Structure formats: C-alpha cells, structure tokens
file data-v7.cif (mmCIF, C-alpha atoms and all ligand atoms)
data_start
#
loop_
_atom_site.label_atom_id
_atom_site.label_comp_id
_atom_site.auth_asym_id
_atom_site.auth_seq_id
_atom_site.Cartn_x
_atom_site.Cartn_y
_atom_site.Cartn_z
CA MET L 1 -76.82 -33.21 -48.69
CA ARG L 2 -76.67 -34.91 -52.08
CA ARG L 3 -74.57 -38.09 -52.30
CA ILE L 4 -74.51 -39.00 -55.96
CA LEU L 5 -73.65 -42.04 -58.07
CA VAL L 6 -73.14 -41.72 -61.84
CA THR L 7 -73.35 -44.88 -63.98
CA GLY L 8 -71.82 -44.72 -67.47
CA ALA L 9 -69.39 -42.18 -65.98
CA THR L 10 -66.71 -42.74 -68.63
CA GLY L 11 -69.11 -42.04 -71.52
CA GLN L 12 -69.73 -38.90 -73.55
CA ILE L 13 -72.07 -37.32 -70.98
CA GLY L 14 -70.66 -38.92 -67.82
CA SER L 15 -67.12 -37.71 -68.42
CA GLU L 16 -68.40 -34.11 -68.25
CA LEU L 17 -71.38 -34.47 -65.92
CA THR L 18 -69.31 -36.19 -63.19
CA PRO L 19 -66.77 -33.34 -62.81
CA ALA L 20 -69.61 -30.77 -62.96
CA LEU L 21 -71.47 -32.58 -60.17
CA ARG L 22 -68.24 -32.84 -58.14
CA GLN L 23 -67.70 -29.12 -58.51
CA ARG L 24 -71.25 -28.33 -57.40
CA TYR L 25 -71.79 -30.82 -54.56
CA GLY L 26 -68.21 -31.68 -53.47
CA ALA L 27 -65.73 -34.15 -54.95
CA GLU L 28 -66.21 -36.78 -52.22
CA GLN L 29 -70.01 -36.71 -52.67
CA VAL L 30 -69.98 -37.99 -56.26
CA VAL L 31 -69.06 -41.60 -57.09
CA ALA L 32 -68.14 -42.24 -60.72
CA VAL L 33 -69.12 -45.76 -61.80
CA GLY L 34 -67.50 -47.04 -64.96
CA HIS L 35 -67.70 -50.39 -66.67
CA ARG L 36 -65.13 -51.69 -69.18
CA ASN L 37 -63.67 -48.43 -70.51
CA MET L 38 -60.58 -47.11 -68.75
CA PRO L 39 -61.47 -43.97 -66.79
CA THR L 40 -59.39 -40.87 -67.43
CA GLU L 41 -56.92 -39.99 -64.68
CA SER L 42 -58.99 -36.95 -63.69
CA LEU L 43 -62.20 -39.02 -63.39
CA ARG L 44 -60.47 -41.63 -61.24
CA SER L 45 -58.52 -39.24 -59.03
CA GLY L 46 -61.12 -36.42 -58.91
CA GLY L 47 -63.33 -38.31 -56.41
CA PRO L 48 -64.51 -41.85 -55.58
CA TYR L 49 -64.42 -44.30 -58.51
CA ALA L 50 -65.80 -47.84 -58.87
CA ALA L 51 -66.51 -50.18 -61.78
CA CYS L 52 -69.48 -52.52 -62.19
CA ASP L 53 -72.06 -53.74 -64.67
CA ALA L 54 -75.27 -51.70 -64.30
CA ARG L 55 -77.23 -54.97 -64.47
CA ASP L 56 -75.39 -56.44 -61.46
CA ASN L 57 -77.74 -55.89 -58.51
CA THR L 58 -75.37 -57.03 -55.77
CA ALA L 59 -72.38 -55.01 -56.97
CA LEU L 60 -74.36 -51.81 -57.61
CA ALA L 61 -76.30 -52.05 -54.33
CA GLU L 62 -73.00 -52.47 -52.43
CA ILE L 63 -71.64 -49.24 -53.91
CA VAL L 64 -74.91 -47.41 -53.10
CA GLN L 65 -74.73 -48.66 -49.51
CA LYS L 66 -71.01 -48.04 -49.04
CA PHE L 67 -71.27 -44.39 -50.12
CA ASN L 68 -74.74 -43.81 -48.63
CA ILE L 69 -76.01 -42.66 -52.05
CA ASN L 70 -79.32 -40.76 -52.33
CA THR L 71 -79.24 -39.69 -56.01
CA ILE L 72 -78.38 -41.80 -59.08
CA TYR L 73 -77.63 -40.37 -62.52
CA HIS L 74 -78.09 -43.49 -64.64
CA LEU L 75 -76.28 -42.97 -67.96
CA ALA L 76 -75.12 -46.51 -68.82
CA ALA L 77 -76.74 -47.55 -72.12
CA LEU L 78 -76.16 -48.59 -75.72
CA LEU L 79 -76.91 -45.80 -78.22
CA SER L 80 -78.78 -46.00 -81.51
CA VAL L 81 -76.26 -47.40 -84.01
CA ALA L 82 -74.65 -49.68 -81.42
CA ALA L 83 -78.13 -50.93 -80.50
CA GLU L 84 -78.99 -51.79 -84.12
CA LYS L 85 -75.78 -53.86 -84.28
CA ASP L 86 -76.80 -55.92 -81.22
CA PRO L 87 -80.48 -55.36 -80.40
CA GLN L 88 -80.63 -58.14 -77.79
CA LEU L 89 -77.73 -56.68 -75.82
CA ALA L 90 -79.22 -53.19 -76.17
CA TRP L 91 -82.52 -54.31 -74.67
CA ASP L 92 -80.70 -56.13 -71.85
CA VAL L 93 -78.44 -53.21 -70.90
CA ASN L 94 -80.95 -50.41 -71.49
CA MET L 95 -83.93 -52.08 -69.78
CA ASN L 96 -82.52 -54.53 -67.23
CA GLY L 97 -79.83 -52.03 -66.25
CA LEU L 98 -82.52 -49.40 -65.68
CA GLN L 99 -84.81 -51.72 -63.75
CA ASN L 100 -81.89 -52.72 -61.54
CA VAL L 101 -81.17 -49.05 -60.80
CA LEU L 102 -84.87 -48.36 -60.09
CA GLU L 103 -85.11 -51.34 -57.72
CA ILE L 104 -82.01 -50.20 -55.84
CA ALA L 105 -83.41 -46.66 -55.75
CA ARG L 106 -86.69 -48.02 -54.36
CA SER L 107 -85.02 -49.94 -51.55
CA HIS L 108 -82.43 -47.26 -50.69
CA GLY L 109 -84.63 -44.16 -51.10
CA CYS L 110 -82.70 -42.63 -54.03
CA GLY L 111 -83.82 -40.16 -56.69
CA VAL L 112 -82.99 -41.16 -60.28
CA PHE L 113 -82.09 -39.11 -63.36
CA HIS L 114 -82.42 -41.15 -66.56
CA PRO L 115 -82.06 -39.53 -69.98
CA SER L 116 -84.46 -40.32 -72.79
CA SER L 117 -83.81 -39.17 -76.36
CA ILE L 118 -85.22 -37.81 -79.62
CA ALA L 119 -85.12 -41.52 -80.49
CA ALA L 120 -88.24 -42.04 -78.35
CA PHE L 121 -90.16 -40.64 -81.33
CA GLY L 122 -90.65 -42.45 -84.63
CA PRO L 123 -91.71 -42.06 -88.25
CA ASP L 124 -95.37 -41.37 -87.32
CA THR L 125 -94.49 -38.49 -84.95
CA PRO L 126 -94.92 -34.93 -86.30
CA PRO L 127 -91.28 -34.05 -87.10
CA ILE L 128 -91.61 -30.26 -86.98
CA ASN L 129 -92.15 -28.56 -83.61
CA THR L 130 -92.67 -32.08 -82.18
CA PRO L 131 -95.13 -31.71 -79.26
CA GLN L 132 -94.29 -32.74 -75.70
CA VAL L 133 -97.13 -35.26 -75.78
CA THR L 134 -97.60 -36.98 -79.14
CA ILE L 135 -97.49 -40.34 -80.88
CA GLN L 136 -94.40 -42.43 -79.99
CA ARG L 137 -93.97 -45.47 -82.23
CA PRO L 138 -90.17 -45.71 -82.77
CA ASN L 139 -88.85 -48.41 -85.11
CA THR L 140 -85.33 -48.79 -83.65
CA MET L 141 -84.34 -50.96 -80.68
CA TYR L 142 -82.77 -47.90 -79.04
CA GLY L 143 -85.97 -45.87 -79.46
CA ILE L 144 -88.16 -48.73 -78.24
CA SER L 145 -85.98 -49.04 -75.12
CA LYS L 146 -86.24 -45.27 -74.56
CA VAL L 147 -90.07 -45.23 -74.69
CA ALA L 148 -90.21 -48.26 -72.42
CA ALA L 149 -87.74 -46.54 -70.06
CA GLU L 150 -89.88 -43.38 -69.91
CA LEU L 151 -92.89 -45.53 -68.98
CA LEU L 152 -90.94 -47.62 -66.45
CA CYS L 153 -89.69 -44.47 -64.72
CA ASP L 154 -93.28 -43.12 -64.63
CA TYR L 155 -94.39 -46.42 -63.10
CA TYR L 156 -91.76 -46.35 -60.34
CA TYR L 157 -92.78 -42.79 -59.51
CA THR L 158 -96.54 -43.40 -59.37
CA ARG L 159 -96.39 -46.88 -57.82
CA TYR L 160 -93.39 -46.55 -55.43
CA ARG L 161 -92.79 -42.76 -55.22
CA VAL L 162 -89.23 -43.15 -56.49
CA ASP L 163 -88.28 -39.57 -57.46
CA THR L 164 -87.50 -40.27 -61.13
CA ARG L 165 -86.76 -37.41 -63.54
CA GLY L 166 -85.55 -37.20 -67.13
CA VAL L 167 -85.17 -35.25 -70.36
CA ARG L 168 -85.31 -36.22 -74.03
CA TYR L 169 -81.85 -35.17 -75.17
CA PRO L 170 -81.24 -34.37 -78.81
CA GLY L 171 -77.85 -35.23 -80.38
CA LEU L 172 -75.05 -33.98 -78.12
CA ILE L 173 -71.90 -32.26 -79.33
CA SER L 174 -68.80 -32.26 -77.13
CA HIS L 175 -65.00 -32.27 -77.15
CA ILE L 176 -63.95 -34.31 -74.07
CA ALA L 177 -65.03 -37.96 -74.63
CA LEU L 178 -65.87 -39.28 -78.07
CA PRO L 179 -69.52 -40.23 -78.64
CA GLY L 180 -70.39 -43.87 -78.07
CA GLY L 181 -72.14 -45.18 -81.20
CA GLY L 182 -75.06 -42.90 -82.08
CA THR L 183 -76.62 -41.53 -85.25
CA THR L 184 -75.72 -37.95 -84.31
CA ASP L 185 -72.02 -38.78 -83.77
CA TYR L 186 -71.29 -37.18 -87.16
CA ALA L 187 -71.83 -33.75 -85.57
CA VAL L 188 -68.82 -34.42 -83.30
CA GLU L 189 -66.63 -36.32 -85.78
CA ILE L 190 -66.90 -33.46 -88.29
CA PHE L 191 -65.03 -31.12 -85.91
CA TYR L 192 -62.13 -33.57 -85.40
CA ALA L 193 -61.92 -34.09 -89.18
CA ALA L 194 -62.12 -30.35 -89.92
CA LEU L 195 -59.18 -29.61 -87.62
CA ARG L 196 -57.06 -32.63 -88.58
CA LYS L 197 -57.74 -33.05 -92.31
CA ARG L 198 -59.81 -30.04 -93.43
CA LYS L 199 -62.37 -32.46 -94.94
CA TYR L 200 -65.11 -34.81 -93.76
CA THR L 201 -67.12 -37.67 -95.27
CA CYS L 202 -70.63 -37.60 -93.80
CA PRO L 203 -72.79 -40.75 -93.38
CA LEU L 204 -76.04 -38.71 -93.63
CA LYS L 205 -77.58 -36.87 -96.59
CA PRO L 206 -76.78 -33.13 -96.70
CA ASP L 207 -80.32 -31.99 -95.82
CA THR L 208 -80.95 -34.38 -92.87
CA ARG L 209 -82.16 -32.00 -90.18
CA LEU L 210 -81.95 -33.06 -86.51
CA ASP L 211 -82.21 -31.48 -83.06
CA MET L 212 -78.82 -30.89 -81.42
CA MET L 213 -77.30 -29.47 -78.23
CA TYR L 214 -73.85 -28.49 -76.97
CA MET L 215 -72.70 -30.42 -73.89
CA PRO L 216 -72.61 -27.47 -71.43
CA ASP L 217 -76.37 -27.06 -72.01
CA ALA L 218 -76.95 -30.81 -71.55
CA ILE L 219 -75.06 -30.75 -68.24
CA GLN L 220 -76.97 -27.79 -66.86
CA ALA L 221 -80.27 -29.46 -67.88
CA ALA L 222 -79.40 -32.64 -65.96
CA MET L 223 -78.51 -30.70 -62.83
CA ARG L 224 -81.36 -28.20 -63.07
CA ILE L 225 -84.15 -30.77 -63.44
CA MET L 226 -82.84 -32.71 -60.41
CA GLU L 227 -82.99 -29.52 -58.33
CA ALA L 228 -86.43 -28.47 -59.63
CA ASP L 229 -89.57 -28.28 -57.50
CA SER L 230 -91.05 -31.79 -57.77
CA THR L 231 -94.64 -30.53 -57.69
CA LYS L 232 -94.11 -28.59 -60.95
CA LEU L 233 -92.86 -31.60 -62.97
CA LEU L 234 -96.01 -32.62 -64.87
CA HIS L 235 -93.97 -34.57 -67.48
CA ARG L 236 -91.27 -35.64 -65.06
CA ASN L 237 -89.50 -38.40 -67.00
CA ALA L 238 -89.58 -37.21 -70.55
CA TYR L 239 -89.14 -33.48 -71.15
CA ASN L 240 -88.40 -32.42 -74.73
CA ILE L 241 -85.35 -30.14 -74.62
CA THR L 242 -83.44 -28.69 -77.53
CA ALA L 243 -80.99 -25.93 -78.37
CA MET L 244 -80.54 -25.91 -82.16
CA SER L 245 -81.63 -27.78 -85.26
CA PHE L 246 -79.38 -28.15 -88.30
CA SER L 247 -78.46 -30.37 -91.24
CA PRO L 248 -74.92 -31.60 -92.13
CA MET L 249 -74.86 -29.02 -94.93
CA GLU L 250 -75.61 -26.18 -92.49
CA LEU L 251 -73.07 -27.44 -89.93
CA ALA L 252 -70.44 -27.66 -92.65
CA ALA L 253 -71.22 -24.06 -93.69
CA ALA L 254 -70.81 -22.88 -90.07
CA ILE L 255 -67.41 -24.63 -89.87
CA LYS L 256 -66.39 -23.23 -93.25
CA LYS L 257 -66.89 -19.70 -91.91
CA LYS L 258 -64.05 -20.42 -89.46
CA ILE L 259 -61.96 -22.78 -91.66
CA PRO L 260 -62.52 -21.59 -95.28
CA GLU L 261 -60.64 -24.54 -96.86
CA PHE L 262 -62.92 -27.12 -95.15
CA THR L 263 -64.87 -29.39 -97.51
CA ILE L 264 -67.55 -32.04 -96.93
CA ASN L 265 -68.67 -34.95 -99.09
CA TYR L 266 -71.39 -37.52 -98.50
CA GLU L 267 -71.29 -41.34 -98.44
CA VAL L 268 -74.69 -42.18 -97.04
CA ASP L 269 -74.85 -45.12 -94.66
CA PRO L 270 -78.32 -46.72 -94.88
CA ILE L 271 -78.51 -47.58 -91.15
CA HIS L 272 -77.58 -44.07 -90.01
CA GLN L 273 -79.90 -42.49 -92.60
CA ALA L 274 -82.92 -44.67 -91.77
CA ILE L 275 -82.56 -43.92 -88.06
CA ALA L 276 -82.12 -40.17 -88.64
CA ASP L 277 -85.13 -40.07 -91.00
CA SER L 278 -87.34 -41.50 -88.25
CA TRP L 279 -86.41 -38.75 -85.72
CA PRO L 280 -87.82 -35.22 -85.29
CA ASP L 281 -86.30 -32.19 -87.02
CA ASN L 282 -86.99 -29.99 -84.03
CA MET L 283 -88.84 -30.58 -80.78
CA ASN L 284 -91.09 -28.17 -78.93
CA ASP L 285 -89.51 -27.72 -75.48
CA SER L 286 -91.98 -25.21 -74.01
CA ALA L 287 -93.06 -27.59 -71.19
CA ALA L 288 -89.45 -27.80 -69.89
CA ARG L 289 -89.10 -24.03 -70.20
CA SER L 290 -92.27 -23.28 -68.23
CA GLN L 291 -92.15 -26.11 -65.65
CA TRP L 292 -88.51 -26.01 -64.52
CA GLY L 293 -86.86 -23.07 -66.24
CA TRP L 294 -85.00 -24.90 -69.02
CA ALA L 295 -83.10 -22.47 -71.29
CA SER L 296 -80.25 -23.19 -73.70
CA GLN L 297 -77.17 -20.98 -74.01
CA TYR L 298 -75.58 -22.22 -77.24
CA ASP L 299 -76.86 -21.85 -80.81
CA LEU L 300 -75.10 -23.21 -83.92
CA GLU L 301 -72.73 -20.28 -84.31
CA ARG L 302 -71.68 -20.05 -80.66
CA MET L 303 -71.30 -23.84 -80.34
CA THR L 304 -69.17 -24.02 -83.53
CA SER L 305 -66.77 -21.28 -82.34
CA ASP L 306 -66.38 -22.85 -78.91
CA MET L 307 -65.96 -26.41 -80.25
CA LEU L 308 -63.28 -25.39 -82.74
CA ALA L 309 -61.35 -23.36 -80.17
CA ARG L 310 -61.44 -25.98 -77.42
CA LEU L 311 -60.83 -28.95 -79.71
CA ALA L 312 -57.91 -27.18 -81.42
CA ALA L 313 -56.35 -26.59 -77.99
CA LYS L 314 -56.90 -30.24 -77.04
CA LEU L 315 -55.47 -31.63 -80.30
CA THR L 316 -52.33 -29.50 -80.11
CA ALA L 317 -51.74 -30.22 -76.40
P1 LIG L 401 -71.92 -43.37 -74.13
O1 LIG L 401 -72.09 -44.51 -75.06
O2 LIG L 401 -70.87 -42.35 -74.42
O3 LIG L 401 -71.67 -43.90 -72.66
C1 LIG L 401 -72.43 -44.96 -72.13
C2 LIG L 401 -71.60 -45.65 -71.09
O4 LIG L 401 -72.31 -46.79 -70.63
C3 LIG L 401 -70.23 -46.13 -71.60
O5 LIG L 401 -69.22 -45.53 -70.84
C4 LIG L 401 -70.27 -47.65 -71.38
O6 LIG L 401 -69.05 -48.14 -70.88
C5 LIG L 401 -71.37 -47.79 -70.33
N1 LIG L 401 -71.99 -49.11 -70.34
C6 LIG L 401 -72.39 -49.84 -71.40
N2 LIG L 401 -72.89 -51.02 -70.99
C7 LIG L 401 -72.82 -51.03 -69.64
C8 LIG L 401 -73.18 -51.94 -68.63
N3 LIG L 401 -73.73 -53.13 -68.93
N4 LIG L 401 -72.97 -51.60 -67.34
C9 LIG L 401 -72.42 -50.41 -67.02
N5 LIG L 401 -72.04 -49.50 -67.92
C10 LIG L 401 -72.24 -49.80 -69.22
O7 LIG L 401 -73.36 -42.67 -73.96
P2 LIG L 401 -73.70 -41.18 -73.58
O8 LIG L 401 -73.73 -40.40 -74.84
O9 LIG L 401 -72.88 -40.70 -72.47
O10 LIG L 401 -75.23 -41.36 -73.14
C11 LIG L 401 -75.63 -41.49 -71.80
C12 LIG L 401 -77.14 -41.56 -71.75
O11 LIG L 401 -77.68 -40.42 -72.40
C13 LIG L 401 -77.74 -42.77 -72.47
O12 LIG L 401 -78.88 -43.20 -71.79
C14 LIG L 401 -78.12 -42.21 -73.81
O13 LIG L 401 -79.16 -42.94 -74.40
C15 LIG L 401 -78.57 -40.82 -73.43
N6 LIG L 401 -78.53 -39.90 -74.56
C16 LIG L 401 -77.37 -39.54 -75.12
C17 LIG L 401 -77.36 -38.70 -76.22
C18 LIG L 401 -76.08 -38.27 -76.90
O14 LIG L 401 -76.13 -37.64 -77.96
N7 LIG L 401 -74.91 -38.58 -76.34
C19 LIG L 401 -78.57 -38.20 -76.72
C20 LIG L 401 -79.77 -38.62 -76.14
C21 LIG L 401 -79.73 -39.45 -75.03
N1 LIG L 402 -77.24 -39.14 -79.93
C1 LIG L 402 -78.07 -40.28 -79.73
C2 LIG L 402 -77.90 -41.25 -80.85
O1 LIG L 402 -77.61 -40.79 -81.95
C3 LIG L 402 -79.51 -39.85 -79.63
O2 LIG L 402 -80.06 -40.41 -78.52
O3 LIG L 402 -78.06 -42.41 -80.66
#
call {"tool": "encode", "arguments": {"input": "data-v7.cif", "output": "structure tokens", "more": "lines below"}}
Ligand code: NAD
Ligand code: SER
result
Amino acid sequence: MRRILVTGATGQIGSELTPALRQRYGAEQVVAVGHRNMPTESLRSGGPYAACDARDNTALAEIVQKFNINTIYHLAALLSVAAEKDPQLAWDVNMNGLQNVLEIARSHGCGVFHPSSIAAFGPDTPPINTPQVTIQRPNTMYGISKVAAELLCDYYYTRYRVDTRGVRYPGLISHIALPGGGTTDYAVEIFYAALRKRKYTCPLKPDTRLDMMYMPDAIQAAMRIMEADSTKLLHRNAYNITAMSFSPMELAAAIKKKIPEFTINYEVDPIHQAIADSWPDNMNDSAARSQWGWASQYDLERMTSDMLARLAAKLTA
C-alpha cells in the first residue's frame, strides 16, 4: 500500500495533487506537508497535515517515520522569477531541500517524484520539437537547479537504488491555487483578469511561444509515472511532457472567442521576457508517450473553456 508525503502541498500543484492522491489511495494515506503558507481548510481537514521546512532533516524524517511513508512527492521549490529575485535562497531550497528528501528516501526506502521543468533547457537548446536528450545549458538559477536536480536524482537511483522519477513540466494553468512566482504565471493571471476586468496587461511580448499544460493533465502525469513499470523508464527523472504550445496573442484570441469584449495590451518585463526567450517553444514528448503511456487530454480550446467556466464559478461563489 502506498503511504505518501507531499512537500509543497499548499502550492499550485500540491493543492490539487494532494486531494487527487487522497482520492486514489485513501485520505489517511496521504500526508500534506506545508511550510509558511496557510493551508486551505480542505487540505488540512481532508487528511493528515504537517508543516516543516523541506531542508530540515530532523523534522521531515520524523514525519516520514510517524506516518510510515514509502513515497514522497517533493514539490517544495522556488520558481523561475522568484529564483531570479533571490538566487542564493533558490539554490538552497531547490538543491538542499531535494538532497534532504533523497537522503531520507535512501534511509527509509521511499520512492521520490520530483518535477523538473522546461527551464532545464537554455538558449543553446533547439527550441522547436526540443528532443528528450539534447544540450542543457540554462542561464537562470531556477534552470540550473533543475538540471542539477535531474542529475542528483539520477545519481541516487544508480548509486543507491532510490526509486526516483520525474517529468519536465511546461507552464501549468490552473484555477485552485495561484501560481507561485514563475514566468508562465501570465497564462493563469490572464483568466482572472479576463473575468474580473475584461482586460489584461501581459509581461511577455505577444509572439512569445511556450509549452503549456492544464493542471488535470499535470496531475495524471505525476500519478501515472509513479505507477509505471520501473524497467521501462529509460529517462526516469526527466521526461519531456507537453500538451499545448501557444503565445500570449493566441491565448488572448482563444479567450476572446468566449468573452468578445476582452482586450490585451503588452508591457514587457525584461526579466520575464529573458527567461521565456531561453525556454523551448515546444518539446518532443515521444519518450514519455512510448515508455509509460503519457497522453494529454486538454488542448488550448478545451483548456480555455474549462478554465473560464470553473474560474467564473469560483469567483462568483
Ligand atoms: P509553488 O510555488 O506554487 O509551490 C511551492 C511550494 O513550496 C509553496 O507552497 C511554498 O510554500 C513551498 N516552499 C518554499 N520553500 C520551502 C521550504 N524551504 N520548505 C518547504 N516548503 C517550501 O510551486 P508549484 O507550481 O506547485 O511547483 C511545484 C514543483 O513543480 C516545483 O518543483 C516546480 O519547479 C515544478 N514545476 C512547476 C511548474 C508550474 O508551472 N507550476 C512548471 C514546471 C515545474
Ligand atoms: N512555470 C514555471 C515557471 O515559470 C516553469 O517551471 O517558473
């Protein structure tokens, strides 16, 4: 039986992955671990909840022992824009937090899911149909920490047989928790602005194309790879996965089809733009498709309809 711990449980992914894991494996089997953010009532009351710093070995190991954990979804991290604001903290949380989790996993026999990102690529990577295996020379602290994390997870698997697994998520779009300081946050903010004000000011140029994914697809990817046959995972810690690729101009056009009075203007932020320009336009995810059955359900049109409907219901509630 799986007994799961989720770090970063109050974040954009954790606040949806935790309930999904509780539904699949049983509420009492999934411990949500937050940090400083207040958990929502449903996260706290929907199953076991604890708070600790992911870098704190004693505190995290105690929770793992207390709940007899055998699987850790390690989501605690600083994202791209937040990391550029405080690169030293980003390295500390993203790397020392991960190493702490891997050490605890090693001594307690846990499997580990750790997400990488499109940020693990850089300006020298082929941006179109980005191959699974290619040059990775990112120039952001976030991206550097993601490449190092992919390698560290590989090392713990080959050296210690810790069952590490991971995917390279593109930008994620969702309507439960707000995103936590990334370059792709615009693709969430635009929906809130469209419903509240019918207009949005975008920090990226209109033609900045990036890989994206709707949260239900991201959740099923995290659960599916952890249930996959280990012997088939040739790229176990760093699978390219994607669902759609669009620019702000194209996203705005998709929203405009549903809200005709919606308008967008552009005030380019140099930090956001430089980061986005260094990332792929669209990744090739054929390895994930063939090795563990990855398949997305949501394209731009379907995601836009669902986001607008669900967010409208949330904002009027
Ligand atoms: P988020 O910023 O929404 O949440 C991260 C959580 O980590 C927050 O709840 C924060 O409180 C927590 N945290 C920060 N420092 C901590 C510490 N020292 N100890 C414990 N917790 C701490 O991020 P997210 O979007 O949910 O991302 C989760 C993971 O997925 C990250 O590794 C991120 O790099 C990766 N990822 C996310 C996206 C995306 O678009 N959201 C895309 C690619 C990869
Ligand atoms: N969505 C993330 C970011 O923009 C990508 O990892 O930082």
call {"tool": "residues_around", "arguments": {"input": "data-v7.cif", "residues": "Asp217 of chain L", "least_positions_apart": "3", "cutoff": "6 Å", "atoms": "only C-alpha atoms", "output": "list in words"}}
result
Tyr214, Gln220 and Ser296 of chain L
call {"tool": "residues_near_ligand", "arguments": {"input": "data-v7.cif", "ligand": "ligand LIG 401 (chain L)", "cutoff": "7 Å", "atoms": "only C-alpha atoms and all ligand atoms", "output": "PyMOL selection string"}}
result
chain L and resi 7-14+34-37+52-55+75-79+93+97+114-118+168-173+178-182+184
call {"tool": "residues_around", "arguments": {"input": "data-v7.cif", "residues": "Leu60 of chain L", "least_positions_apart": "3", "cutoff": "12 Å", "atoms": "all atoms listed in the file", "output": "ChimeraX atom specification"}}
result
/L:5-7,31-35,50-57,63-67,69,72,74,97-98,100-105,108
call {"tool": "write_last_selection", "arguments": {"input": "data-v7.cif", "atoms": "C-alpha atoms", "output": "PDB file, keeping the file's coordinate frame"}}
result
ATOM      1  CA  LEU L   5     -73.650 -42.040 -58.070  1.00  0.00           C
ATOM      2  CA  VAL L   6     -73.140 -41.720 -61.840  1.00  0.00           C
ATOM      3  CA  THR L   7     -73.350 -44.880 -63.980  1.00  0.00           C
ATOM      4  CA  VAL L  31     -69.060 -41.600 -57.090  1.00  0.00           C
ATOM      5  CA  ALA L  32     -68.140 -42.240 -60.720  1.00  0.00           C
ATOM      6  CA  VAL L  33     -69.120 -45.760 -61.800  1.00  0.00           C
ATOM      7  CA  GLY L  34     -67.500 -47.040 -64.960  1.00  0.00           C
ATOM      8  CA  HIS L  35     -67.700 -50.390 -66.670  1.00  0.00           C
ATOM      9  CA  ALA L  50     -65.800 -47.840 -58.870  1.00  0.00           C
ATOM     10  CA  ALA L  51     -66.510 -50.180 -61.780  1.00  0.00           C
ATOM     11  CA  CYS L  52     -69.480 -52.520 -62.190  1.00  0.00           C
ATOM     12  CA  ASP L  53     -72.060 -53.740 -64.670  1.00  0.00           C
ATOM     13  CA  ALA L  54     -75.270 -51.700 -64.300  1.00  0.00           C
ATOM     14  CA  ARG L  55     -77.230 -54.970 -64.470  1.00  0.00           C
ATOM     15  CA  ASP L  56     -75.390 -56.440 -61.460  1.00  0.00           C
ATOM     16  CA  ASN L  57     -77.740 -55.890 -58.510  1.00  0.00           C
ATOM     17  CA  ILE L  63     -71.640 -49.240 -53.910  1.00  0.00           C
ATOM     18  CA  VAL L  64     -74.910 -47.410 -53.100  1.00  0.00           C
ATOM     19  CA  GLN L  65     -74.730 -48.660 -49.510  1.00  0.00           C
ATOM     20  CA  LYS L  66     -71.010 -48.040 -49.040  1.00  0.00           C
ATOM     21  CA  PHE L  67     -71.270 -44.390 -50.120  1.00  0.00           C
ATOM     22  CA  ILE L  69     -76.010 -42.660 -52.050  1.00  0.00           C
ATOM     23  CA  ILE L  72     -78.380 -41.800 -59.080  1.00  0.00           C
ATOM     24  CA  HIS L  74     -78.090 -43.490 -64.640  1.00  0.00           C
ATOM     25  CA  GLY L  97     -79.830 -52.030 -66.250  1.00  0.00           C
ATOM     26  CA  LEU L  98     -82.520 -49.400 -65.680  1.00  0.00           C
ATOM     27  CA  ASN L 100     -81.890 -52.720 -61.540  1.00  0.00           C
ATOM     28  CA  VAL L 101     -81.170 -49.050 -60.800  1.00  0.00           C
ATOM     29  CA  LEU L 102     -84.870 -48.360 -60.090  1.00  0.00           C
ATOM     30  CA  GLU L 103     -85.110 -51.340 -57.720  1.00  0.00           C
ATOM     31  CA  ILE L 104     -82.010 -50.200 -55.840  1.00  0.00           C
ATOM     32  CA  ALA L 105     -83.410 -46.660 -55.750  1.00  0.00           C
ATOM     33  CA  HIS L 108     -82.430 -47.260 -50.690  1.00  0.00           C
TER      34      HIS L 108
END
call {"tool": "closest_residue", "arguments": {"input": "data-v7.cif", "among": "L:His272, L:Lys314, L:Arg224, L:Lys199", "to": "ligand LIG 402 (chain L)", "atoms": "only C-alpha atoms and all ligand atoms"}}
result
L:His272
call {"tool": "closest_residue", "arguments": {"input": "data-v7.cif", "among": "L:Leu234, L:Val81, L:Met307, L:Ala274", "to": "ligand LIG 402 (chain L)", "atoms": "all atoms listed in the file"}}
result
L:Val81
call {"tool": "residues_around", "arguments": {"input": "data-v7.cif", "residues": "Ile241 of chain L", "least_positions_apart": "2", "cutoff": "12 Å", "atoms": "only C-alpha atoms", "output": "ChimeraX atom specification"}}
result
/L:115-118,129-132,166-172,211-214,217-218,220-222,225,237-239,243-245,282-296
call {"tool": "residues_around", "arguments": {"input": "data-v7.cif", "residues": "Leu195 of chain L", "least_positions_apart": "4", "cutoff": "9 Å", "atoms": "all atoms listed in the file", "output": "PyMOL selection string"}}
result
chain L and resi 190-191+199+259+262+308+311-312+315
call {"tool": "closest_residue", "arguments": {"input": "data-v7.cif", "among": "L:Cys202, L:Asp281, L:Met223, L:Met303", "to": "Gln23 of chain L", "atoms": "all atoms listed in the file"}}
result
L:Met223
call {"tool": "residues_near_point", "arguments": {"input": "data-v7.cif", "point": "(-65.8, -35.3, -95.9)", "cutoff": "12 Å", "atoms": "all atoms listed in the file", "output": "list in words"}}
result
Tyr186, Glu189, Ile190, Phe191, Tyr192, Ala193, Ala194, Arg196, Lys197, Arg198, Lys199, Tyr200, Thr201, Cys202, Pro203, Leu204, Lys205, Pro206, Pro248, Met249, Ala252, Glu261, Phe262, Thr263, Ile264, Asn265, Tyr266, Glu267 and Val268 of chain L
call {"tool": "atom_distance", "arguments": {"input": "data-v7.cif", "atom1": "atom CA of His175 of chain L", "atom2": "atom CA of Thr18 of chain L"}}
result
15.1 Å
call {"tool": "closest_residue", "arguments": {"input": "data-v7.cif", "among": "L:Glu84, L:Arg302, L:Ser174, L:Ala119", "to": "Pro270 of chain L", "atoms": "all atoms listed in the file"}}
result
L:Glu84
call {"tool": "atom_distance", "arguments": {"input": "data-v7.cif", "atom1": "atom CA of Asn70 of chain L", "atom2": "atom CA of Gly111 of chain L"}}
result
6.3 Å
call {"tool": "closest_residue", "arguments": {"input": "data-v7.cif", "among": "L:Thr208, L:Ser278, L:Gln297, L:Thr304", "to": "Ala253 of chain L", "atoms": "only C-alpha atoms"}}
result
L:Thr304
call {"tool": "atom_distance", "arguments": {"input": "data-v7.cif", "atom1": "atom CA of Ser107 of chain L", "atom2": "atom CA of Tyr49 of chain L"}}
result
22.5 Å
call {"tool": "closest_residue", "arguments": {"input": "data-v7.cif", "among": "L:Asn96, L:Gln29, L:Ser42, L:Gln273", "to": "ligand LIG 402 (chain L)", "atoms": "all atoms listed in the file"}}
result
L:Gln273
